[in-house]
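Below is one structure; the comments refer to it alone.
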Amino acid sequence: MTTPESFRAEVRAWLAGAPRPAGLHDYGPTPTPDDIDAGRAWQGMLAEAGYACLHWPAEHGGREASVAEQAAFAEECALADVPRQFHLVGPDLAGPVLMAFGSSAQKESLLEPIRTGEHLWCQLFSEPGAGSDLAAVRTKAVAVADGWVIDGQKVWTSGAADAQYGLLLARSGGPGHGGLSAFVVPMDADGITVRPLQQMNGESKFNEVFFDGLHLSTDALLGEEGAGWAVATATLGRERLSLGANAVGMLKALEEIVTEAGQRGRLDDHLRLEVVDAWLGVWLLRSTWERAIAEGAPPGGPPFSVLKMISTHTYQAIGDLGMEALGLDALASEHDEPLVDRMLVAHAQTILGGTTEIQRNILGERILGLPREPRA
Ligand SMILES: Cc1cc2nc3c(=O)[nH]c(=O)nc-3n(C[C@H](O)[C@H](O)[C@H](O)COP(=O)(O)OP(=O)(O)OC[C@H]3O[C@@H](n4cnc5c(N)ncnc54)[C@H](O)[C@@H]3O)c2cc1C
């Protein structure tokens with residue numbers, strides 16, 4: 001019988017022997033355009049070895065892996081400096097909602113190319129006026145005789161410039177949750193314009209996406225009309241499953257900070273204490289992660305909100321420590337200096353996957369029983 005420990009050992013041995021596509025490195029949940037070829041080839045290798053879409057049911061090529069096995073896999077990949085999958089949206093979001101809400105034809109044609117890396121997906125949810133308050137989505141889906149016409153704008157869409165498909169949340173009815181529907185969008189269709197946004201670390205993972213009279217056929221609807229909210233929330237928080245694996249990169253960064261600071265004669269009492277504090281934060285993150293997994297906490301639940309907060313705080317503290325280690329050299333560095341890049345990327349942690357303020361609301365209201373925030 002496979003245990004999480006024996007699975008970890010098996011994965012470690014496989015990772016040690018697997019050839020690496022040229023240029024492959026652990027680029028995080030979304031590849032940059034430069035990472036696409038290596039990431040896609042890597043996903044193909046994972047699929048062949050039985051390590052792609054671990055959590056998917058066997059009938060769709062998955063392994064029905066437990067949360068503990070998925071966590072062990074994420075951590076071993078981080079240790080080996082490879083991504084645990086080509087990208088996040090297809091395997092973790094689109095795949096599971098296609099299985100839960102999709103028609104037989106949608107499942108038949110769309111699931112396997114996600115597993116093998118042929119298709120990259122993007123998540124077309126956030127808009128200029130709808131992020132934390134996702135129910136405020138305004139992109140319109142109007143029913144016509146042979147399908148739907150979509151008009152509106154999305155923003156912060158990771159991977160849209162390279163994606164073959166998008167999972168779209170649009171308003172097909174009245175205001176609020178009940179007026180939303182979900183659609184499968186072929187990203188090369190007429191009526192879609194993707195405009196990359198440059199981040200402060202120089203990468204362009206994000207995009208604005210404009211829909212101008214995009215025509216979708218009837219079978220682009222995912223689930224029932226009006227089921228968009230159920231689709232959008234079905235996999236909420238799944239990305240938090242692998243949060244504890246961030247500890248690997250954080251420990252590597254702390255080692256780098258000590259080396260850089262030492263070389264510059266900046267490893268003074270203050271910095272030493274700060275490094276120890278950050279190191280404690282990393283172990284708190286990892287232990288809390290292990291406990292949440294052992295207790296079987298759902299990834300969207302409060303223990304994972306705690307984890308999100310610890311991860312964000314520690315990630316950003318280490319980013320700032322890197323700047324203290326580099327001193328004035330940090331100002332003169334290009335963003336390809338790893339510690340500078342880490343500090344810049346750390347800022348996004350407060351926002352992605354549910355903002356810090358929203359996590360505080362969840363914990364305050366659901367765990368501490370504090371008065372609910374005023375709602376309109
Ligand atoms: C790295 C990264 C990748 C992303 N990828 C995608 C993607 O692929 N697809 C996609 O659709 N979106 C994506 N997003 C967008 C992300 O989902 C949103 O940025 C997030 O939901 C916050 O929404 P917003 O930016 O509109 O900010 P807002 O929701 O407008 O929030 C602005 C500020 O107000 C605070 N705030 C909002 N509501 C409350 C409240 N009720 N109480 C207290 N404070 C509040 C927030 O915490 C924040 O500080 C990504 C974001 C990041 C950083």
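Identifiers in the structure tokens: chain A, B, ... in order shown; residue index from 1 per chain; ligand index from 1 in order shown.
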Next on the checklist: If you run DSSP on the backbone here, which positions in segment 30-272 of chain A get strand (DSSP E)? Please write them as number ranges by chain.
Outcome noted: A: 121-124, 140-144, 147-154, 165-171, 180-186, 192-196, 207-217, 221-222
Using the selection just defined, write its residues with N, CA and C atoms as a short mmCIF file (atom, residue, chain, number, x, y, z; two decimals), in the first residue's frame.
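That gives us out-v7.cif:
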```
data_model
loop_
_atom_site.label_atom_id
_atom_site.label_comp_id
_atom_site.auth_asym_id
_atom_site.auth_seq_id
_atom_site.Cartn_x
_atom_site.Cartn_y
_atom_site.Cartn_z
N TRP A 121 -4.73 26.98 -19.95
CA TRP A 121 -5.98 27.68 -19.68
C TRP A 121 -5.72 28.95 -18.89
N CYS A 122 -6.67 29.90 -18.99
CA CYS A 122 -6.62 31.08 -18.11
C CYS A 122 -7.97 31.26 -17.43
N GLN A 123 -7.94 32.00 -16.33
CA GLN A 123 -9.14 32.21 -15.51
C GLN A 123 -9.63 33.64 -15.73
N LEU A 124 -10.75 33.77 -16.42
CA LEU A 124 -11.27 35.09 -16.80
C LEU A 124 -12.36 35.50 -15.81
N LYS A 140 -20.86 41.12 -20.09
CA LYS A 140 -22.22 40.67 -20.41
C LYS A 140 -22.21 39.47 -21.37
N ALA A 141 -23.08 38.52 -21.10
CA ALA A 141 -23.31 37.40 -22.02
C ALA A 141 -24.78 37.48 -22.45
N VAL A 142 -25.01 37.78 -23.72
CA VAL A 142 -26.38 37.90 -24.21
C VAL A 142 -26.72 36.68 -25.08
N ALA A 143 -27.83 36.02 -24.74
CA ALA A 143 -28.23 34.83 -25.50
C ALA A 143 -28.73 35.25 -26.88
N VAL A 144 -28.23 34.57 -27.93
CA VAL A 144 -28.72 34.79 -29.30
C VAL A 144 -29.16 33.42 -29.83
N GLY A 147 -26.29 30.81 -29.83
CA GLY A 147 -25.28 30.81 -28.76
C GLY A 147 -25.33 32.06 -27.90
N TRP A 148 -24.14 32.70 -27.78
CA TRP A 148 -24.02 33.84 -26.86
C TRP A 148 -23.12 34.89 -27.49
N VAL A 149 -23.38 36.17 -27.14
CA VAL A 149 -22.46 37.24 -27.54
C VAL A 149 -21.92 37.88 -26.26
N ILE A 150 -20.59 37.99 -26.21
CA ILE A 150 -19.91 38.45 -24.99
C ILE A 150 -19.28 39.82 -25.24
N ASP A 151 -19.55 40.77 -24.33
CA ASP A 151 -18.91 42.09 -24.38
C ASP A 151 -18.47 42.48 -22.97
N GLY A 152 -17.24 43.00 -22.87
CA GLY A 152 -16.77 43.46 -21.56
C GLY A 152 -15.26 43.36 -21.45
N GLN A 153 -14.77 43.47 -20.21
CA GLN A 153 -13.32 43.46 -20.00
C GLN A 153 -12.94 42.69 -18.74
N LYS A 154 -11.86 41.93 -18.84
CA LYS A 154 -11.25 41.26 -17.69
C LYS A 154 -9.87 41.85 -17.45
N TYR A 165 -7.44 28.15 -24.00
CA TYR A 165 -8.82 28.25 -23.51
C TYR A 165 -8.89 29.13 -22.26
N GLY A 166 -10.06 29.75 -22.07
CA GLY A 166 -10.31 30.54 -20.87
C GLY A 166 -11.59 30.09 -20.22
N LEU A 167 -11.62 30.16 -18.88
CA LEU A 167 -12.84 29.88 -18.12
C LEU A 167 -13.42 31.24 -17.75
N LEU A 168 -14.55 31.56 -18.37
CA LEU A 168 -15.10 32.92 -18.28
C LEU A 168 -16.30 32.97 -17.34
N LEU A 169 -16.32 34.01 -16.49
CA LEU A 169 -17.49 34.30 -15.67
C LEU A 169 -18.13 35.57 -16.23
N ALA A 170 -19.38 35.47 -16.64
CA ALA A 170 -20.04 36.64 -17.27
C ALA A 170 -21.49 36.73 -16.81
N ARG A 171 -22.04 37.92 -16.98
CA ARG A 171 -23.41 38.16 -16.49
C ARG A 171 -24.43 37.89 -17.60
N LEU A 180 -25.02 35.15 -12.88
CA LEU A 180 -23.74 34.82 -13.53
C LEU A 180 -23.77 33.44 -14.17
N SER A 181 -23.11 33.32 -15.32
CA SER A 181 -22.94 32.02 -15.98
C SER A 181 -21.46 31.83 -16.30
N ALA A 182 -21.07 30.58 -16.47
CA ALA A 182 -19.68 30.26 -16.80
C ALA A 182 -19.60 29.73 -18.23
N PHE A 183 -18.52 30.08 -18.92
CA PHE A 183 -18.35 29.69 -20.32
C PHE A 183 -16.92 29.20 -20.57
N VAL A 184 -16.79 28.31 -21.55
CA VAL A 184 -15.48 27.89 -22.05
C VAL A 184 -15.18 28.73 -23.29
N VAL A 185 -14.07 29.45 -23.27
CA VAL A 185 -13.77 30.39 -24.36
C VAL A 185 -12.51 29.97 -25.11
N PRO A 186 -12.61 29.70 -26.43
CA PRO A 186 -11.37 29.48 -27.21
C PRO A 186 -10.67 30.84 -27.39
N ILE A 192 -11.75 38.76 -29.37
CA ILE A 192 -10.96 38.78 -28.12
C ILE A 192 -9.66 39.52 -28.38
N THR A 193 -9.35 40.50 -27.54
CA THR A 193 -8.04 41.16 -27.61
C THR A 193 -7.35 40.97 -26.27
N VAL A 194 -6.12 40.46 -26.32
CA VAL A 194 -5.35 40.25 -25.10
C VAL A 194 -4.21 41.26 -25.08
N ARG A 195 -4.14 42.03 -24.00
CA ARG A 195 -3.08 43.04 -23.91
C ARG A 195 -2.23 42.74 -22.66
N PRO A 196 -0.96 42.31 -22.87
CA PRO A 196 -0.12 41.98 -21.70
C PRO A 196 0.16 43.21 -20.83
N ASN A 207 -2.50 39.90 -17.91
CA ASN A 207 -3.03 40.52 -19.14
C ASN A 207 -4.36 41.19 -18.85
N GLU A 208 -4.67 42.16 -19.71
CA GLU A 208 -6.05 42.64 -19.82
C GLU A 208 -6.67 41.86 -20.98
N VAL A 209 -7.94 41.51 -20.85
CA VAL A 209 -8.61 40.78 -21.94
C VAL A 209 -9.91 41.52 -22.26
N PHE A 210 -10.06 41.89 -23.54
CA PHE A 210 -11.25 42.63 -23.97
C PHE A 210 -12.13 41.74 -24.85
N PHE A 211 -13.43 41.76 -24.60
CA PHE A 211 -14.39 41.03 -25.44
C PHE A 211 -15.24 42.04 -26.18
N ASP A 212 -15.19 41.94 -27.48
CA ASP A 212 -15.90 42.92 -28.29
C ASP A 212 -16.77 42.15 -29.29
N GLY A 213 -17.99 41.82 -28.87
CA GLY A 213 -18.89 41.05 -29.74
C GLY A 213 -18.40 39.64 -29.98
N LEU A 214 -17.72 39.04 -28.98
CA LEU A 214 -17.26 37.66 -29.12
C LEU A 214 -18.47 36.73 -29.24
N HIS A 215 -18.47 35.92 -30.29
CA HIS A 215 -19.59 34.98 -30.45
C HIS A 215 -19.18 33.60 -29.96
N LEU A 216 -19.98 33.06 -29.03
CA LEU A 216 -19.72 31.70 -28.53
C LEU A 216 -20.88 30.81 -28.94
N SER A 217 -20.58 29.57 -29.27
CA SER A 217 -21.67 28.65 -29.63
C SER A 217 -22.40 28.20 -28.35
N LEU A 221 -21.42 27.10 -23.02
CA LEU A 221 -21.92 27.27 -21.65
C LEU A 221 -21.45 26.11 -20.79
N LEU A 222 -20.94 26.41 -19.59
CA LEU A 222 -20.48 25.36 -18.68
C LEU A 222 -21.50 25.24 -17.55
#
```
Next on the checklist: How would you report the residues lying within 10 Å of ligand 1, as a ChimeraX atom specification, if you count only C-alpha atoms and all ligand atoms?
Outcome noted: /A:28-30,88-89,121-134,154-160,166-169,199,205-208,345-362,373-375
Item to check | atom CA of Tyr315 of chain A to atom CA of Thr235 of chain A, straight-line distance in Å | outcome: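 Value for the atom CA of Thr235 of chain A-atom CA of Tyr315 of chain A distance: 24.1 Å.
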Checklist entry - segment 91-318 of chain A: which residues are helix (DSSP H, G or I) by DSSP, as a PyMOL selection string? => result chain A and resi 91-101+104-116+134-136+160-162+177-179+218-220+228-233+238-263+269-294+302-318
Checklist entry - What is the atom CA of Leu236 of chain A-atom CA of Gly301 of chain A distance in Å, reported with one decimal? => result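 If I compute the distance from atom CA of Leu236 of chain A to atom CA of Gly301 of chain A, I get 9.4 Å.
Closest approach to Glu69 of chain A among A:His270, A:Lys107, A:Arg342, A:Arg8 is made by A:Arg8 (distances from only C-alpha atoms).
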Item to check | Interatomic distance, atom CA of Glu256 of chain A to atom CA of Gly319 of chain A (Å, one decimal) | outcome: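 So the two atoms, atom CA of Glu256 of chain A and atom CA of Gly319 of chain A, lie 11.5 Å apart.
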Checklist entry - What's the 12 Å shell around Arg40 of chain A, counting only C-alpha atoms, without same-chain residues fewer than 6 positions away, as a PyMOL selection string? => result chain A and resi 20-24+30-34+46-47+52+83-87+113-120+162-163
Dump as a short mmCIF file (atom, residue, chain, number, x, y, z; two decimals), in the first residue's frame, selection limited to N, CA and C atoms:
```
data_model
loop_
_atom_site.label_atom_id
_atom_site.label_comp_id
_atom_site.auth_asym_id
_atom_site.auth_seq_id
_atom_site.Cartn_x
_atom_site.Cartn_y
_atom_site.Cartn_z
N ARG A 20 15.58 16.87 -17.78
CA ARG A 20 14.92 18.18 -17.66
C ARG A 20 14.84 18.86 -19.03
N PRO A 21 13.65 19.26 -19.45
CA PRO A 21 13.58 20.07 -20.67
C PRO A 21 14.46 21.32 -20.50
N ALA A 22 15.12 21.74 -21.59
CA ALA A 22 16.04 22.88 -21.51
C ALA A 22 15.33 24.11 -20.93
N GLY A 23 15.97 24.75 -19.96
CA GLY A 23 15.46 26.01 -19.40
C GLY A 23 14.43 25.83 -18.30
N LEU A 24 14.09 24.58 -17.96
CA LEU A 24 13.05 24.37 -16.95
C LEU A 24 13.53 24.81 -15.56
N THR A 30 2.22 30.13 -12.79
CA THR A 30 1.98 30.53 -14.18
C THR A 30 3.31 30.69 -14.91
N PRO A 31 3.45 30.07 -16.10
CA PRO A 31 4.70 30.27 -16.85
C PRO A 31 4.74 31.66 -17.49
N THR A 32 5.93 32.23 -17.62
CA THR A 32 6.07 33.42 -18.46
C THR A 32 6.11 32.91 -19.91
N PRO A 33 5.96 33.79 -20.91
CA PRO A 33 6.06 33.31 -22.30
C PRO A 33 7.34 32.52 -22.54
N ASP A 34 8.45 32.90 -21.88
CA ASP A 34 9.72 32.18 -22.07
C ASP A 34 9.71 30.78 -21.45
N LEU A 46 5.37 14.52 -17.03
CA LEU A 46 4.62 14.17 -15.81
C LEU A 46 3.45 13.25 -16.17
N ALA A 47 2.77 13.58 -17.29
CA ALA A 47 1.60 12.78 -17.69
C ALA A 47 2.03 11.34 -18.00
N ALA A 52 0.85 13.65 -13.49
CA ALA A 52 0.12 14.86 -13.89
C ALA A 52 -1.28 14.80 -13.29
N PRO A 83 8.54 23.03 -11.65
CA PRO A 83 7.13 23.29 -11.32
C PRO A 83 6.40 21.99 -11.07
N ARG A 84 5.40 22.01 -10.18
CA ARG A 84 4.67 20.77 -9.90
C ARG A 84 3.71 20.46 -11.02
N GLN A 85 3.43 21.44 -11.87
CA GLN A 85 2.60 21.23 -13.06
C GLN A 85 2.86 22.41 -14.00
N PHE A 86 2.44 22.25 -15.26
CA PHE A 86 2.66 23.27 -16.29
C PHE A 86 2.11 24.63 -15.84
N HIS A 87 0.86 24.62 -15.38
CA HIS A 87 0.23 25.86 -14.91
C HIS A 87 -0.91 25.49 -13.96
N PRO A 113 -6.22 17.16 -23.00
CA PRO A 113 -5.18 18.14 -23.37
C PRO A 113 -4.69 18.98 -22.19
N ILE A 114 -5.51 19.09 -21.14
CA ILE A 114 -5.00 19.77 -19.92
C ILE A 114 -3.97 18.87 -19.25
N ARG A 115 -4.32 17.59 -19.15
CA ARG A 115 -3.44 16.64 -18.44
C ARG A 115 -2.08 16.52 -19.13
N THR A 116 -2.10 16.50 -20.47
CA THR A 116 -0.84 16.28 -21.19
C THR A 116 -0.05 17.57 -21.44
N GLY A 117 -0.67 18.73 -21.16
CA GLY A 117 0.04 19.98 -21.35
C GLY A 117 -0.19 20.61 -22.72
N GLU A 118 -1.03 19.97 -23.54
CA GLU A 118 -1.28 20.53 -24.87
C GLU A 118 -1.98 21.89 -24.75
N HIS A 119 -2.95 21.97 -23.83
CA HIS A 119 -3.70 23.22 -23.66
C HIS A 119 -3.33 23.93 -22.37
N LEU A 120 -3.11 25.22 -22.50
CA LEU A 120 -2.94 26.08 -21.33
C LEU A 120 -4.24 26.88 -21.17
N ASP A 162 -0.92 33.36 -23.73
CA ASP A 162 -0.45 32.08 -24.28
C ASP A 162 -1.50 30.99 -24.19
N ALA A 163 -2.69 31.33 -23.64
CA ALA A 163 -3.67 30.28 -23.36
C ALA A 163 -4.45 29.88 -24.60
#
```
Next on the checklist: Need the shell around Gly300 of chain A: protein/DNA/RNA residues with any atom at most 10 Å away, counting only C-alpha atoms. Skip same-chain ones fewer than 6 positions apart. Format as a list in words?
Outcome noted: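 Residues meeting the cut-off are Thr233, Ala234, Thr235, Leu236, Gly237, Arg238, Glu239, Arg240 and Leu241 of chain A.
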Selection from above, N, CA and C atoms, as a compact mmCIF listing (two decimals), in the first residue's frame, can you write it?
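Wrote result.txt, looks like this:
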```
# COMPACT_ATOMS: atom_id res chain seq x y z
N THR A 233 -16.99 29.12 -7.46
CA THR A 233 -16.58 28.83 -6.09
C THR A 233 -16.24 27.36 -5.86
N ALA A 234 -16.44 26.53 -6.88
CA ALA A 234 -16.28 25.08 -6.69
C ALA A 234 -14.86 24.71 -6.27
N THR A 235 -13.86 25.40 -6.79
CA THR A 235 -12.48 25.00 -6.47
C THR A 235 -11.76 26.08 -5.66
N LEU A 236 -12.57 26.93 -5.03
CA LEU A 236 -11.99 28.05 -4.27
C LEU A 236 -10.90 27.59 -3.30
N GLY A 237 -9.78 28.24 -3.38
CA GLY A 237 -8.73 27.96 -2.40
C GLY A 237 -7.83 26.77 -2.73
N ARG A 238 -8.07 26.10 -3.86
CA ARG A 238 -7.26 24.91 -4.15
C ARG A 238 -5.77 25.22 -4.20
N GLU A 239 -5.45 26.45 -4.68
CA GLU A 239 -4.03 26.80 -4.80
C GLU A 239 -3.36 26.85 -3.41
N ARG A 240 -4.18 26.95 -2.36
CA ARG A 240 -3.59 27.01 -1.01
C ARG A 240 -3.04 25.67 -0.55
N LEU A 241 -3.47 24.61 -1.25
CA LEU A 241 -2.99 23.27 -0.89
C LEU A 241 -1.47 23.18 -0.87
```
Next on the checklist: Excluding segment 76-80 of chain A and its own-chain neighbours fewer than 2 positions away, which residues fall within 8 Å of it when counting only C-alpha atoms? Please give them as a ChimeraX atom specification.
Outcome noted: /A:8,11-12,15-16,26,72-74,82-84,245-246,248-249
Checklist entry - Taking into account only C-alpha atoms, which residue in the set A:Ser103, A:Pro4, A:Glu75, A:Gly369 is nearest to Asp219 of chain A? => result A:Ser103
